[in-house]
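Next comes query10.csv, a file with CSV, C-alpha atoms.
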```
chain,number,residue,atom,x,y,z
L,1212,MET,CA,-31.3,67.0,31.3
L,1213,LEU,CA,-34.4,65.2,32.3
L,1214,THR,CA,-34.4,62.1,34.5
L,1215,VAL,CA,-38.1,61.3,34.3
L,1216,ASP,CA,-39.3,59.6,31.1
L,1217,PHE,CA,-42.5,61.3,30.1
L,1218,ASP,CA,-43.5,58.3,28.0
L,1219,ARG,CA,-43.7,56.4,31.3
L,1220,PHE,CA,-45.0,59.4,33.2
L,1221,PRO,CA,-47.8,60.8,31.0
L,1222,VAL,CA,-48.8,64.4,31.8
L,1223,THR,CA,-51.7,66.2,30.0
L,1224,ALA,CA,-52.8,69.8,29.9
L,1225,GLY,CA,-54.6,70.7,33.1
L,1226,ASP,CA,-52.9,68.1,35.3
L,1227,ARG,CA,-51.8,69.6,38.6
L,1228,VAL,CA,-48.2,68.4,39.2
L,1229,LEU,CA,-45.9,68.9,42.1
L,1230,ASP,CA,-42.1,69.0,41.5
L,1231,MET,CA,-40.9,68.3,45.1
L,1232,GLY,CA,-37.3,69.4,45.7
L,1233,CYS,CA,-37.3,71.1,42.3
L,1234,GLY,CA,-33.8,72.5,42.6
L,1235,ALA,CA,-33.0,74.6,39.5
L,1236,GLY,CA,-36.4,73.6,37.9
L,1237,ARG,CA,-35.4,71.3,35.1
L,1238,HIS,CA,-38.5,69.1,35.4
L,1239,ALA,CA,-40.8,71.9,36.4
L,1240,PHE,CA,-40.0,73.8,33.2
L,1241,ALA,CA,-40.7,70.6,31.1
L,1242,LEU,CA,-44.0,70.1,32.9
L,1243,TYR,CA,-45.0,73.7,32.3
L,1244,ARG,CA,-44.3,73.3,28.6
L,1245,ARG,CA,-46.6,70.3,28.5
L,1246,GLY,CA,-49.5,72.5,29.8
L,1247,ALA,CA,-49.6,71.3,33.4
L,1248,ASP,CA,-50.5,73.4,36.4
L,1249,VAL,CA,-47.1,73.2,38.1
L,1250,VAL,CA,-46.1,73.7,41.7
L,1251,ALA,CA,-42.3,73.8,42.1
L,1252,LEU,CA,-41.4,73.3,45.8
L,1253,ASP,CA,-38.0,73.6,47.4
L,1254,MET,CA,-36.4,74.9,50.6
L,1255,ASP,CA,-33.7,76.9,48.8
L,1256,ALA,CA,-35.1,80.4,48.5
L,1257,ASP,CA,-32.4,81.5,46.0
L,1258,GLU,CA,-33.1,78.7,43.6
L,1259,LEU,CA,-36.9,79.2,44.0
L,1260,ARG,CA,-36.5,82.8,43.1
L,1261,ASP,CA,-34.6,81.9,39.9
L,1262,VAL,CA,-37.3,79.3,39.1
L,1263,ALA,CA,-40.1,81.8,39.5
L,1264,VAL,CA,-38.2,84.3,37.2
L,1265,MET,CA,-37.9,81.5,34.6
L,1266,PHE,CA,-41.6,80.7,34.8
L,1267,GLU,CA,-42.4,84.4,34.1
L,1268,ALA,CA,-40.0,84.5,31.2
L,1269,MET,CA,-41.5,81.3,29.7
L,1270,ALA,CA,-45.0,82.8,30.0
L,1271,ALA,CA,-43.9,86.0,28.3
L,1272,ALA,CA,-42.2,84.1,25.5
L,1273,GLY,CA,-45.3,81.9,24.9
L,1274,GLU,CA,-43.4,78.7,25.8
L,1275,ALA,CA,-46.3,77.3,27.9
L,1276,PRO,CA,-49.8,76.6,26.4
L,1277,ALA,CA,-52.6,78.9,27.2
L,1278,GLY,CA,-54.3,77.9,30.5
L,1279,ALA,CA,-51.2,76.4,32.1
L,1280,SER,CA,-50.0,77.8,35.3
L,1281,ALA,CA,-46.7,77.6,37.3
L,1282,SER,CA,-45.8,78.7,40.8
L,1283,ALA,CA,-42.7,78.4,43.1
L,1284,VAL,CA,-43.4,77.5,46.7
L,1285,ARG,CA,-41.0,77.3,49.6
L,1286,GLY,CA,-41.8,74.3,51.7
L,1287,ASN,CA,-40.6,71.4,53.9
L,1288,ALA,CA,-40.7,67.9,52.5
L,1289,TYR,CA,-41.7,66.6,55.9
L,1290,SER,CA,-44.8,68.8,56.1
L,1291,LEU,CA,-46.0,69.7,52.7
L,1292,PRO,CA,-48.2,72.8,52.6
L,1293,PHE,CA,-51.0,71.2,50.6
L,1294,ASP,CA,-54.3,69.5,51.2
L,1295,ASP,CA,-54.8,65.8,50.9
L,1296,GLU,CA,-55.2,64.5,47.3
L,1297,SER,CA,-54.1,67.8,45.7
L,1298,PHE,CA,-52.0,66.5,42.8
L,1299,ASP,CA,-52.5,64.3,39.7
L,1300,ARG,CA,-48.8,63.7,39.3
L,1301,ILE,CA,-45.7,64.2,41.5
L,1302,ILE,CA,-42.0,64.2,40.7
L,1303,ALA,CA,-39.3,63.8,43.4
L,1304,ALA,CA,-36.1,63.6,41.4
L,1305,GLU,CA,-32.8,63.2,43.3
L,1306,VAL,CA,-34.3,64.3,46.6
L,1307,MET,CA,-34.7,61.3,48.9
L,1308,GLU,CA,-31.0,60.7,49.3
L,1309,HIS,CA,-30.7,64.1,50.9
L,1310,LEU,CA,-33.4,63.5,53.5
L,1311,PRO,CA,-32.6,61.9,56.9
L,1312,GLU,CA,-36.3,61.2,57.5
L,1313,ASP,CA,-37.1,59.9,54.0
L,1314,THR,CA,-40.1,57.8,55.1
L,1315,THR,CA,-41.8,60.9,56.5
L,1316,ALA,CA,-41.3,62.7,53.2
L,1317,MET,CA,-42.6,59.6,51.3
L,1318,ALA,CA,-45.8,59.5,53.4
L,1319,GLU,CA,-46.4,63.2,52.8
L,1320,LEU,CA,-46.0,62.7,49.0
L,1321,THR,CA,-48.5,59.8,49.1
L,1322,ARG,CA,-50.9,62.0,51.2
L,1323,VAL,CA,-51.1,64.8,48.6
L,1324,LEU,CA,-51.3,62.5,45.6
L,1325,LYS,CA,-54.8,61.9,44.3
L,1326,PRO,CA,-56.1,58.3,44.0
L,1327,GLY,CA,-55.1,57.0,40.6
L,1328,GLY,CA,-52.3,59.6,40.5
L,1329,ILE,CA,-48.7,58.7,39.5
L,1330,ILE,CA,-45.4,59.6,41.2
L,1331,ALA,CA,-41.9,59.4,39.8
L,1332,VAL,CA,-39.1,59.1,42.3
L,1333,SER,CA,-35.4,59.0,41.3
L,1334,VAL,CA,-32.3,58.5,43.4
L,1335,PRO,CA,-28.6,57.8,42.5
L,1336,ARG,CA,-28.2,54.2,41.6
L,1337,TRP,CA,-26.4,52.0,44.1
L,1338,LEU,CA,-23.3,50.9,42.2
L,1339,PRO,CA,-22.3,54.3,40.6
L,1340,GLU,CA,-23.0,56.0,43.9
L,1341,LYS,CA,-21.0,53.5,45.9
L,1342,LEU,CA,-18.0,54.1,43.7
L,1343,CYS,CA,-18.4,57.9,44.1
L,1344,TRP,CA,-18.4,57.5,47.9
L,1345,ALA,CA,-15.4,55.2,47.8
L,1346,LEU,CA,-13.4,57.6,45.6
L,1347,SER,CA,-14.2,60.7,47.6
L,1348,ASP,CA,-15.5,61.7,51.0
L,1349,GLU,CA,-15.8,65.2,49.7
L,1350,TYR,CA,-18.4,64.1,47.3
L,1351,HIS,CA,-21.0,63.4,50.0
L,1352,GLU,CA,-19.7,64.8,53.3
L,1353,VAL,CA,-21.1,68.3,52.7
L,1354,GLU,CA,-23.9,70.2,54.2
L,1355,GLY,CA,-27.2,69.0,52.6
L,1356,GLY,CA,-25.3,66.2,50.9
L,1357,HIS,CA,-26.2,62.6,50.4
L,1358,VAL,CA,-27.0,60.8,53.6
L,1359,ARG,CA,-27.6,57.3,52.2
L,1360,ILE,CA,-27.1,55.0,49.2
L,1361,TYR,CA,-30.3,53.2,48.1
L,1362,ARG,CA,-30.7,49.9,46.5
L,1363,GLY,CA,-33.7,49.9,44.2
L,1364,ASP,CA,-35.5,47.3,46.2
L,1365,LEU,CA,-35.2,49.4,49.4
L,1366,LEU,CA,-36.5,52.5,47.7
L,1367,LYS,CA,-39.5,50.6,46.3
L,1368,GLU,CA,-40.2,48.9,49.7
L,1369,ARG,CA,-40.3,52.2,51.6
L,1370,LEU,CA,-42.6,53.8,49.0
L,1371,THR,CA,-44.9,50.8,48.8
L,1372,GLU,CA,-45.2,50.8,52.6
L,1373,THR,CA,-47.1,54.2,52.2
L,1374,GLY,CA,-49.7,52.5,50.0
L,1375,LEU,CA,-48.3,53.1,46.5
L,1376,GLN,CA,-48.0,50.4,43.8
L,1377,PRO,CA,-44.9,50.2,41.5
L,1378,ILE,CA,-45.8,50.3,37.8
L,1379,GLY,CA,-42.4,50.7,36.2
L,1380,GLU,CA,-38.7,51.5,36.6
L,1381,HIS,CA,-35.6,52.2,34.6
L,1382,HIS,CA,-32.1,53.7,34.8
L,1383,ALA,CA,-30.9,57.0,33.3
L,1384,HIS,CA,-27.8,59.0,32.6
L,1385,GLY,CA,-25.3,56.3,31.7
L,1386,LEU,CA,-22.9,58.8,30.3
L,1387,HIS,CA,-22.8,60.8,33.5
L,1388,ALA,CA,-21.6,58.1,35.9
L,1389,PRO,CA,-18.0,58.0,34.5
L,1390,TYR,CA,-17.9,61.8,34.6
L,1391,TRP,CA,-18.6,61.7,38.4
L,1392,TRP,CA,-16.1,58.9,39.0
L,1393,LEU,CA,-13.5,61.1,37.3
L,1394,LYS,CA,-14.5,64.2,39.3
L,1395,CYS,CA,-14.3,62.2,42.6
L,1396,ALA,CA,-10.9,60.8,41.6
L,1397,VAL,CA,-9.3,64.2,40.9
L,1398,GLY,CA,-11.3,66.2,43.4
L,1399,VAL,CA,-15.0,67.2,43.1
L,1400,ASP,CA,-14.1,70.9,43.0
L,1401,ASN,CA,-11.3,70.5,40.5
L,1402,ASP,CA,-13.1,71.7,37.5
L,1403,ASP,CA,-9.9,72.8,35.8
L,1404,ASN,CA,-8.6,69.2,35.4
L,1405,PRO,CA,-8.2,68.7,31.6
L,1406,LEU,CA,-10.0,65.4,31.6
L,1407,VAL,CA,-12.9,66.8,33.6
L,1408,LYS,CA,-13.2,69.8,31.3
L,1409,ALA,CA,-13.1,67.6,28.2
L,1410,TYR,CA,-15.7,65.2,29.5
L,1411,HIS,CA,-17.9,68.2,30.6
L,1412,ARG,CA,-17.8,69.6,27.1
L,1413,VAL,CA,-18.9,66.3,25.7
L,1414,LEU,CA,-21.9,66.2,28.1
L,1415,VAL,CA,-22.9,69.8,27.3
L,1416,TRP,CA,-22.7,69.0,23.5
L,1417,ASP,CA,-24.8,65.9,24.1
L,1418,MET,CA,-27.4,67.8,26.0
L,1419,MET,CA,-27.6,70.6,23.5
L,1420,SER,CA,-27.4,68.6,20.3
L,1421,ALA,CA,-28.6,65.1,21.2
L,1422,PRO,CA,-26.6,63.4,18.4
L,1423,LYS,CA,-27.6,59.9,17.5
L,1424,LEU,CA,-24.2,58.4,18.5
L,1425,THR,CA,-24.4,59.5,22.1
L,1426,ARG,CA,-28.1,58.7,22.4
L,1427,ILE,CA,-27.4,55.1,21.3
L,1428,ALA,CA,-24.4,55.0,23.7
L,1429,GLU,CA,-26.4,56.2,26.6
L,1430,ARG,CA,-29.3,53.7,26.0
L,1431,SER,CA,-26.7,50.9,25.9
L,1432,LEU,CA,-25.0,52.1,29.1
L,1433,ASN,CA,-28.1,52.9,31.2
L,1434,PRO,CA,-28.9,49.3,32.2
L,1435,LEU,CA,-25.2,48.8,33.2
L,1436,ILE,CA,-24.1,52.1,34.8
L,1437,GLY,CA,-27.0,54.5,34.6
L,1438,LYS,CA,-26.3,57.2,37.3
L,1439,SER,CA,-30.0,57.4,38.3
L,1440,TYR,CA,-32.6,54.8,39.2
L,1441,VAL,CA,-36.2,55.9,38.5
L,1442,VAL,CA,-39.3,54.2,39.9
L,1443,TYR,CA,-42.9,55.0,38.9
L,1444,LEU,CA,-45.7,54.2,41.3
L,1445,GLN,CA,-49.5,54.7,41.4
L,1446,LYS,CA,-51.8,55.5,44.3
L,1447,PRO,CA,-54.7,53.0,44.3
L,1448,THR,CA,-58.2,54.3,43.7
L,1449,VAL,CA,-59.2,52.3,46.8
L,1450,ASP,CA,-57.1,52.5,50.0
L,1451,ALA,CA,-55.5,49.1,50.2
L,1452,HIS,CA,-55.0,49.5,54.0
L,1453,ALA,CA,-58.6,50.5,54.6
L,1454,ALA,CA,-59.9,47.6,52.4
L,1455,ALA,CA,-57.8,45.1,54.4
```

Kindly present the structure from the file in structure tokens form.
Amino acid sequence: MLTVDFDRFPVTAGDRVLDMGCGAGRHAFALYRRGADVVALDMDADELRDVAVMFEAMAAAGEAPAGASASAVRGNAYSLPFDDESFDRIIAAEVMEHLPEDTTAMAELTRVLKPGGIIAVSVPRWLPEKLCWALSDEYHEVEGGHVRIYRGDLLKERLTETGLQPIGEHHAHGLHAPYWWLKCAVGVDNDDNPLVKAYHRVLVWDMMSAPKLTRIAERSLNPLIGKSYVVYLQKPTVDAHAAA
């Protein structure tokens, strides 16, 4: 299940791309299949180990184009282990809401992005997330959980303060918001609830089969209750702060 729209976030073979806070690697794997030189970064050593194993399996199965590369790196979002202007593209999907010092991480991402490069940042959308918090403290009051709820304007403001320029935005995963409201209502760990199990089966079927009916439904729901807000920004080729 991808949050980033690759029509809005073009990646070509040979691009060096950072997936910051890669988690289980969903975007990193998609980038590798597109022929990018991917660096998947996270603090979770166990998840990184699984991501590295998957990269090896993809290479062995010929799922990535010749010449593409992929590596899993353990690192801190507040002090990225890369030189300035190292990446053509950066993805930070569903990461910022976990970081107490989000502006520090944003500045680091801007630092390692090349001039002219594009970054895609996604966070839980304000209204669906607000309802989840209202329905369940358990949803967010966990170690490493969500520390804030963003409005889209606030996220863009903090990112543009680092020198980036917004070039597009959208909402995603409209079918997933009701699922999380349901989970919060019955207990986020209550996976045996019949309604939760039934809805989960629908989501899995949708992800595996992508039937036309659910694709149309999600496109209709995204502007209203899309679970994720995604913003795309570009680093100017000339430093706006220096020019001023």

List every residue of stretch 1380-1454 of chain L that has an atom at most 6 Å from any atom of stretch 1312-1328 of chain L, and for each one report the closest atom pair and its distance in Å to one decimal, counting only C-alpha atoms, with rows sorted by chain and then by increasing residue number, as a Markdown table.
```
| residue | atom | partner | partner_atom | distance |
| --- | --- | --- | --- | --- |
| L:Gln1445 | CA | L:Gly1328 | CA | 5.7 |
| L:Lys1446 | CA | L:Pro1326 | CA | 5.1 |
| L:Pro1447 | CA | L:Gly1327 | CA | 5.5 |
| L:Thr1448 | CA | L:Pro1326 | CA | 4.5 |
```

Atomic distance atom CA of L:Met1212 - atom CA of L:Arg1237, expressed in Å with one decimal: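 Separating atom CA of L:Met1212 from atom CA of L:Arg1237 is a distance of 7.1 Å.
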
Point-to-point distance in Å for atom CA of L:Val1262 and atom CA of L:Ala1283: 6.8 Å

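Relative to atom CA of L:Leu1252, atom CA of L:Pro1377 is found at 23.8 Å.
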
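When all atoms listed in the file are used to measure the gap to L:Ser1280, the shortest distance among L:Ala1396, L:Ala1224, L:Ala1256, L:Leu1432 belongs to L:Ala1224.
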
Contacts of L:Gly1385 at 12 Å (all atoms listed in the file; same-chain gap of 2+ positions) as number ranges by chain: L: 1214, 1335-1336, 1338-1339, 1381-1383, 1387-1391, 1414, 1425-1440

Spatial neighbours of L:Val1284, max dist 10 Å, all atoms listed in the file, sep filter under 4 positions, as a ChimeraX atom specification: /L:1231,1233,1250-1256,1259-1260,1262-1263,1292
